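Reading through the structure tokens given below for one structure.
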Amino acid sequence: MTFSKLVDELARWVDAGLSPRLWLRDDDAVAPTPGLERLIALSAHCQAPVLLAVIAEPAQAALAERLADVVLLRPCQHGYAHRNHAGEGERAVELGGQRSLEVIGHELAAGRQRLIALFGDRLSRILVPPWNRIDENLVGRLPALGFSTLSTFGPPRFDGIAGLEELNCHVDLIDWRGGRVGKSPERLEGELVSAFALAREEGGRAVGFLTHHLAHDAQAWASLDTLCHWLAGRGISFADAVTLTGDHALSRS
């Protein structure tokens with residue numbers, strides 16, 4: 001796989017005096033699994049930092065123990081229990097739906113304290129909402145709950161909130177609507193080219209790539225392996241999500 005269209009798009013960044021940045025987020029971590037081991041190995045081989053979104057309530061101490069010396073995987077909070085609280089006929093959401101903002105905020109705070117107990121200073125202040133959805137009225141409360149960055153999927157939607165940045169993903173490795181199967185390298189190239197072109201037109205913001213190690217089929221792993229090794233072979237590194245946000249230290253507030 002030559003990724004020739006992606007090569008052409010990245011050349012346009014250089015011509016525009018911009019540095020293309022691609023970062024990697026993986027969702028739904030709870031415990032050590034074969035899938036997580038495969039992600040760790042791929043990350044190490046390609047020196048690719050991964051923002052690992054950990055579900056707070058069911059997260060196991062064994063996960064923290066396994067990641068203790070894995071510097072390339074940085075944990076962040078992935079909601080509380082990844083439980084749907086949407087009304088009938090509505091799209092799944094945990095950080096919204098039928099509950100009050102006070103109840104949701106209490107859960108997020110409890111989940112954050114639980115993850116601090118597990119991961120200590122390694123826990124970033126990035127919040128990843130389950131299903132990439134969050135009640136817009138909750139967003140302004142996130143800094144007071146200890147979060148400095150919100151990461152969902154798609155273009156930024158929340159501007160002007162003091163103390164809160166937005167760092168979203170734009171390309172998903174898995175085709176959820178088409179049978180929860182991994183996308184081919186060719187399809188991923190097309191989506192990456194589109195995402196990079198839009199990011200370039202908007203001044204050079206970072207592009208986020210989303211994976212789910214528990215849900216990968218053989219095609220997903222093969223495509224991810226192909227992409228990571230191609231990037232590494234060209235000397236193109238995945239960016240560190242925490243560095244992109246400027247969040248270098250955990251706040252225990």
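Scheme for the structure tokens: letters A, B, ... for chains in order shown; per-chain residue numbers from 1; ligand numbers from 1 in order shown.
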
| message | Residues of stretch 84-140 of chain A classed as strand (DSSP E or B) by DSSP on the backbone are to be reported as a PyMOL selection string. | response | chain A and resi 95+126-127+134

Can you write just those residues out, N, CA, C and O atoms, as a PDB file, in the first residue's frame?
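Done, and the output landed in again_35.pdb:
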```
ATOM      1  N   LEU A  95     -23.585  10.873  29.159  1.00  0.00           N
ATOM      2  CA  LEU A  95     -23.417  12.209  29.741  1.00  0.00           C
ATOM      3  C   LEU A  95     -24.524  13.131  29.226  1.00  0.00           C
ATOM      4  O   LEU A  95     -24.278  14.152  28.569  1.00  0.00           O
ATOM      5  N   ILE A 126      -8.161  14.809  30.165  1.00  0.00           N
ATOM      6  CA  ILE A 126      -8.997  14.741  28.965  1.00  0.00           C
ATOM      7  C   ILE A 126     -10.210  13.853  29.252  1.00  0.00           C
ATOM      8  O   ILE A 126     -10.069  12.759  29.795  1.00  0.00           O
ATOM      9  N   LEU A 127     -11.398  14.317  28.875  1.00  0.00           N
ATOM     10  CA  LEU A 127     -12.623  13.544  29.022  1.00  0.00           C
ATOM     11  C   LEU A 127     -13.115  13.095  27.649  1.00  0.00           C
ATOM     12  O   LEU A 127     -13.278  13.911  26.739  1.00  0.00           O
ATOM     13  N   ILE A 134     -22.382  14.333  24.481  1.00  0.00           N
ATOM     14  CA  ILE A 134     -22.448  14.980  25.786  1.00  0.00           C
ATOM     15  C   ILE A 134     -23.486  16.092  25.727  1.00  0.00           C
ATOM     16  O   ILE A 134     -23.608  16.794  24.709  1.00  0.00           O
TER      17      ILE A 134
END
```

Using only C-alpha atoms, find each residue in stretch 87-175 of chain A having at least one atom no more than 6 Å away from stretch 73-83 of chain A; report its shortest atom-to-atom pair and that distance in Å (one decimal), rows by chain then rising number, as a Markdown table.
```
| residue | atom | partner | partner_atom | distance |
| --- | --- | --- | --- | --- |
| A:Glu94 | CA | A:Arg83 | CA | 5.6 |
| A:Leu108 | CA | A:Tyr80 | CA | 5.9 |
| A:Gly111 | CA | A:Tyr80 | CA | 5.5 |
| A:Leu123 | CA | A:Pro75 | CA | 5.3 |
| A:Ser124 | CA | A:Cys76 | CA | 5.1 |
| A:Ile126 | CA | A:Cys76 | CA | 5.6 |
| A:Leu127 | CA | A:Gln77 | CA | 5.2 |
| A:Val128 | CA | A:His78 | CA | 4.7 |
| A:Pro129 | CA | A:Gly79 | CA | 5.2 |
| A:Pro130 | CA | A:His82 | CA | 5.7 |
```

| If you count only C-alpha atoms, which residues fall within 12 Å of A:Arg12, apart from same-chain ones fewer than 6 positions away, as a ChimeraX atom specification? | /A:5-6,18-20,193,196-201,204

Would you put the residues from that selection into a file with N, CA, C and O atoms, as a PDB file, in the first residue's frame?
```pdb
ATOM      1  N   LYS A   5      -2.222   9.079  -2.408  1.00  0.00           N
ATOM      2  CA  LYS A   5      -3.086  10.256  -2.256  1.00  0.00           C
ATOM      3  C   LYS A   5      -2.792  10.971  -0.940  1.00  0.00           C
ATOM      4  O   LYS A   5      -2.833  12.211  -0.876  1.00  0.00           O
ATOM      5  N   LEU A   6      -2.480  10.193   0.095  1.00  0.00           N
ATOM      6  CA  LEU A   6      -2.117  10.795   1.371  1.00  0.00           C
ATOM      7  C   LEU A   6      -0.771  11.505   1.257  1.00  0.00           C
ATOM      8  O   LEU A   6      -0.581  12.590   1.843  1.00  0.00           O
ATOM      9  N   LEU A  18       2.862  24.315   6.771  1.00  0.00           N
ATOM     10  CA  LEU A  18       2.203  23.704   7.924  1.00  0.00           C
ATOM     11  C   LEU A  18       2.804  22.339   8.227  1.00  0.00           C
ATOM     12  O   LEU A  18       3.335  21.674   7.336  1.00  0.00           O
ATOM     13  N   SER A  19       2.680  21.922   9.482  1.00  0.00           N
ATOM     14  CA  SER A  19       3.147  20.599   9.898  1.00  0.00           C
ATOM     15  C   SER A  19       1.939  19.714  10.190  1.00  0.00           C
ATOM     16  O   SER A  19       1.200  19.978  11.145  1.00  0.00           O
ATOM     17  N   PRO A  20       1.710  18.673   9.387  1.00  0.00           N
ATOM     18  CA  PRO A  20       0.565  17.795   9.641  1.00  0.00           C
ATOM     19  C   PRO A  20       0.753  17.005  10.931  1.00  0.00           C
ATOM     20  O   PRO A  20       1.843  16.507  11.211  1.00  0.00           O
ATOM     21  N   VAL A 193      -7.302  11.537   3.896  1.00  0.00           N
ATOM     22  CA  VAL A 193      -7.042  12.635   2.963  1.00  0.00           C
ATOM     23  C   VAL A 193      -8.093  13.731   3.139  1.00  0.00           C
ATOM     24  O   VAL A 193      -7.761  14.924   3.211  1.00  0.00           O
ATOM     25  N   PHE A 196      -7.477  15.508   6.525  1.00  0.00           N
ATOM     26  CA  PHE A 196      -6.302  16.374   6.487  1.00  0.00           C
ATOM     27  C   PHE A 196      -6.543  17.607   5.618  1.00  0.00           C
ATOM     28  O   PHE A 196      -6.088  18.711   5.947  1.00  0.00           O
ATOM     29  N   ALA A 197      -7.262  17.435   4.513  1.00  0.00           N
ATOM     30  CA  ALA A 197      -7.543  18.581   3.645  1.00  0.00           C
ATOM     31  C   ALA A 197      -8.367  19.627   4.389  1.00  0.00           C
ATOM     32  O   ALA A 197      -8.092  20.828   4.308  1.00  0.00           O
ATOM     33  N   LEU A 198      -9.385  19.175   5.132  1.00  0.00           N
ATOM     34  CA  LEU A 198     -10.216  20.101   5.896  1.00  0.00           C
ATOM     35  C   LEU A 198      -9.405  20.768   7.003  1.00  0.00           C
ATOM     36  O   LEU A 198      -9.518  21.981   7.230  1.00  0.00           O
ATOM     37  N   ALA A 199      -8.575  19.986   7.681  1.00  0.00           N
ATOM     38  CA  ALA A 199      -7.744  20.540   8.752  1.00  0.00           C
ATOM     39  C   ALA A 199      -6.764  21.572   8.200  1.00  0.00           C
ATOM     40  O   ALA A 199      -6.489  22.593   8.847  1.00  0.00           O
ATOM     41  N   ARG A 200      -6.239  21.311   7.008  1.00  0.00           N
ATOM     42  CA  ARG A 200      -5.316  22.278   6.385  1.00  0.00           C
ATOM     43  C   ARG A 200      -6.042  23.575   6.054  1.00  0.00           C
ATOM     44  O   ARG A 200      -5.528  24.678   6.306  1.00  0.00           O
ATOM     45  N   GLU A 201      -7.243  23.457   5.522  1.00  0.00           N
ATOM     46  CA  GLU A 201      -8.026  24.647   5.185  1.00  0.00           C
ATOM     47  C   GLU A 201      -8.401  25.454   6.418  1.00  0.00           C
ATOM     48  O   GLU A 201      -8.616  26.667   6.337  1.00  0.00           O
ATOM     49  N   GLY A 204      -4.527  24.171   9.990  1.00  0.00           N
ATOM     50  CA  GLY A 204      -3.535  23.172  10.378  1.00  0.00           C
ATOM     51  C   GLY A 204      -3.780  22.480  11.695  1.00  0.00           C
ATOM     52  O   GLY A 204      -2.837  22.032  12.351  1.00  0.00           O
TER      53      GLY A 204
END
```

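Taking atom CA of A:His213 and atom CA of A:Ser4 as endpoints, the distance between them is 27.1 Å.
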
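When atom CA of A:Pro185 is paired with atom CA of A:Leu22, their separation reads 16.0 Å.
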
| message | Write out as a PyMOL selection string the set of residues from stretch 48-191 of chain A that DSSP, computed on the backbone, places in alpha helix (DSSP H). | response | chain A and resi 61-67+101-119+136-139+185-191

| remark: For A:Val93, the closest of A:Arg234, A:Arg180, A:Arg205, A:Arg133 counting only C-alpha atoms is A:Arg133

| remark: With distances taken over only C-alpha atoms, the candidate from A:Leu173, A:Ala232, A:Pro32, A:Gly203 nearest A:Gly17 is A:Gly203

| query | Using only C-alpha atoms, which of A:Ala16, A:Val171, A:Ala59, A:Leu214 sits nearest A:Thr152? | reply |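 The closest residue to A:Thr152 is A:Val171.
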
| said: Between atom CA of A:Leu39 and atom CA of A:Ile174, what distance in Å does the model show, to one decimal? | reply: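 Distance reported for this atom pair: 15.0 Å.
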
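Closest to A:Glu191 among A:Ala53, A:Asp172, A:Arg112, A:Ser223 is A:Asp172, based on only C-alpha atoms.
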
| task | Give me the residues within 10 Å of A:Glu102 as a list in words, counting only C-alpha atoms and dropping any in the same chain fewer than 4 places off. | result | His106, Glu107, Leu108, Leu138 and Arg141 of chain A

| query | Closest to A:Arg66 among A:Ala241, A:Ile40, A:Leu115, A:Leu224, using only C-alpha atoms? | reply |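 Of the candidates, the smallest distance to A:Arg66 is held by A:Ile40.
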
Need the shell around A:Ala162: protein/DNA/RNA residues with any atom at most 12 Å away, counting only C-alpha atoms. Skip same-chain ones fewer than 4 positions apart. Format as a PDB file with N, CA, C and O atoms, in the first residue's frame?
```pdb
ATOM      1  N   VAL A 139     -21.104  20.798  29.331  1.00  0.00           N
ATOM      2  CA  VAL A 139     -19.737  21.082  28.883  1.00  0.00           C
ATOM      3  C   VAL A 139     -19.098  22.199  29.700  1.00  0.00           C
ATOM      4  O   VAL A 139     -17.932  22.104  30.103  1.00  0.00           O
ATOM      5  N   GLY A 140     -19.844  23.255  29.979  1.00  0.00           N
ATOM      6  CA  GLY A 140     -19.294  24.374  30.728  1.00  0.00           C
ATOM      7  C   GLY A 140     -18.916  24.026  32.156  1.00  0.00           C
ATOM      8  O   GLY A 140     -18.151  24.768  32.794  1.00  0.00           O
ATOM      9  N   ARG A 141     -19.417  22.918  32.669  1.00  0.00           N
ATOM     10  CA  ARG A 141     -19.103  22.502  34.038  1.00  0.00           C
ATOM     11  C   ARG A 141     -17.840  21.639  34.119  1.00  0.00           C
ATOM     12  O   ARG A 141     -17.368  21.341  35.226  1.00  0.00           O
ATOM     13  N   LEU A 142     -17.317  21.210  32.983  1.00  0.00           N
ATOM     14  CA  LEU A 142     -16.204  20.262  32.998  1.00  0.00           C
ATOM     15  C   LEU A 142     -14.938  20.789  33.671  1.00  0.00           C
ATOM     16  O   LEU A 142     -14.291  20.045  34.425  1.00  0.00           O
ATOM     17  N   PRO A 143     -14.536  22.055  33.437  1.00  0.00           N
ATOM     18  CA  PRO A 143     -13.324  22.526  34.131  1.00  0.00           C
ATOM     19  C   PRO A 143     -13.434  22.440  35.651  1.00  0.00           C
ATOM     20  O   PRO A 143     -12.455  22.086  36.324  1.00  0.00           O
ATOM     21  N   ALA A 144     -14.612  22.731  36.184  1.00  0.00           N
ATOM     22  CA  ALA A 144     -14.782  22.660  37.644  1.00  0.00           C
ATOM     23  C   ALA A 144     -14.711  21.226  38.147  1.00  0.00           C
ATOM     24  O   ALA A 144     -14.449  20.990  39.330  1.00  0.00           O
ATOM     25  N   PHE A 147     -11.512  18.658  34.442  1.00  0.00           N
ATOM     26  CA  PHE A 147     -11.159  18.338  33.059  1.00  0.00           C
ATOM     27  C   PHE A 147     -10.721  19.599  32.317  1.00  0.00           C
ATOM     28  O   PHE A 147     -11.340  20.654  32.439  1.00  0.00           O
ATOM     29  N   SER A 148      -9.668  19.467  31.526  1.00  0.00           N
ATOM     30  CA  SER A 148      -9.164  20.598  30.753  1.00  0.00           C
ATOM     31  C   SER A 148      -9.450  20.464  29.269  1.00  0.00           C
ATOM     32  O   SER A 148      -9.330  21.439  28.521  1.00  0.00           O
ATOM     33  N   THR A 149      -9.807  19.237  28.828  1.00  0.00           N
ATOM     34  CA  THR A 149     -10.007  18.988  27.402  1.00  0.00           C
ATOM     35  C   THR A 149     -11.161  18.013  27.206  1.00  0.00           C
ATOM     36  O   THR A 149     -11.290  17.037  27.942  1.00  0.00           O
ATOM     37  N   PHE A 158     -17.708  23.373  20.668  1.00  0.00           N
ATOM     38  CA  PHE A 158     -17.850  24.155  21.888  1.00  0.00           C
ATOM     39  C   PHE A 158     -16.728  25.181  21.983  1.00  0.00           C
ATOM     40  O   PHE A 158     -15.631  24.874  22.449  1.00  0.00           O
ATOM     41  N   GLU A 166     -10.718  21.568  23.075  1.00  0.00           N
ATOM     42  CA  GLU A 166     -11.395  20.475  22.379  1.00  0.00           C
ATOM     43  C   GLU A 166     -10.393  19.799  21.455  1.00  0.00           C
ATOM     44  O   GLU A 166      -9.695  20.465  20.687  1.00  0.00           O
TER      45      GLU A 166
END
```

| message | I'd like the neighbourhood of stretch 175-177 of chain A as a list in words, where a residue qualifies if any of its atoms comes within 12 Å (using only C-alpha atoms), though same-chain residues fewer than 2 positions away should be ignored. | response | Trp131, Val171, Asp172, Leu173, Gly179, Arg180, Val181, Gly182, Lys183, Ser184, Arg187, Leu188, Glu191, Leu210, Thr211, His212, Ala215, His216, Asp217, Gln219 and Ala220 of chain A

| query | Looking at only C-alpha atoms, which of A:Gly190, A:Phe119, A:Ile55, A:Leu10 is the one that sits closest to A:Ile236? | reply | A:Leu10

| request: Compile the contact shell of A:Trp23 as a PyMOL selection string: residues with an atom at most 7 Å away, counting only C-alpha atoms, same-chain residues fewer than 3 positions apart removed. | output: chain A and resi 207-209+238-241

Restricting the output to all heavy atoms, write the selected residues as a CSV table (one decimal), in the first residue's frame.
```
chain,number,residue,atom,x,y,z
A,207,VAL,N,-5.3,16.1,13.4
A,207,VAL,CA,-6.3,15.1,13.0
A,207,VAL,C,-6.3,13.9,13.9
A,207,VAL,O,-5.2,13.4,14.2
A,207,VAL,CB,-6.1,14.7,11.5
A,207,VAL,CG1,-7.0,13.5,11.1
A,207,VAL,CG2,-6.3,15.8,10.5
A,208,GLY,N,-7.4,13.5,14.4
A,208,GLY,CA,-7.5,12.4,15.4
A,208,GLY,C,-8.0,11.1,14.7
A,208,GLY,O,-8.9,11.1,13.9
A,209,PHE,N,-7.3,10.0,15.0
A,209,PHE,CA,-7.6,8.7,14.5
A,209,PHE,C,-8.1,7.8,15.6
A,209,PHE,O,-7.5,7.7,16.7
A,209,PHE,CB,-6.4,8.1,13.9
A,209,PHE,CG,-6.6,6.8,13.1
A,209,PHE,CD1,-7.1,6.9,11.8
A,209,PHE,CD2,-6.4,5.6,13.6
A,209,PHE,CE1,-7.3,5.7,11.1
A,209,PHE,CE2,-6.6,4.4,12.9
A,209,PHE,CZ,-7.1,4.5,11.6
A,238,PHE,N,3.1,9.7,15.1
A,238,PHE,CA,1.8,10.1,15.7
A,238,PHE,C,2.2,11.1,16.8
A,238,PHE,O,3.1,11.0,17.6
A,238,PHE,CB,1.1,8.9,16.4
A,238,PHE,CG,0.3,8.1,15.4
A,238,PHE,CD1,0.8,6.9,14.9
A,238,PHE,CD2,-1.0,8.5,15.1
A,238,PHE,CE1,0.0,6.2,14.0
A,238,PHE,CE2,-1.8,7.7,14.2
A,238,PHE,CZ,-1.3,6.6,13.7
A,239,ALA,N,1.3,12.2,16.9
A,239,ALA,CA,1.5,13.2,18.0
A,239,ALA,C,1.0,12.6,19.3
A,239,ALA,O,0.1,11.7,19.3
A,239,ALA,CB,0.8,14.4,17.6
A,240,ASP,N,1.4,13.2,20.4
A,240,ASP,CA,1.0,12.9,21.7
A,240,ASP,C,-0.2,13.8,22.0
A,240,ASP,O,-0.1,15.0,22.0
A,240,ASP,CB,2.1,13.1,22.7
A,240,ASP,CG,1.7,12.7,24.1
A,240,ASP,OD1,0.5,12.6,24.4
A,240,ASP,OD2,2.7,12.6,25.0
A,241,ALA,N,-1.4,13.2,22.3
A,241,ALA,CA,-2.6,14.0,22.6
A,241,ALA,C,-2.4,14.9,23.7
A,241,ALA,O,-2.9,16.1,23.7
A,241,ALA,CB,-3.8,13.0,22.8
```
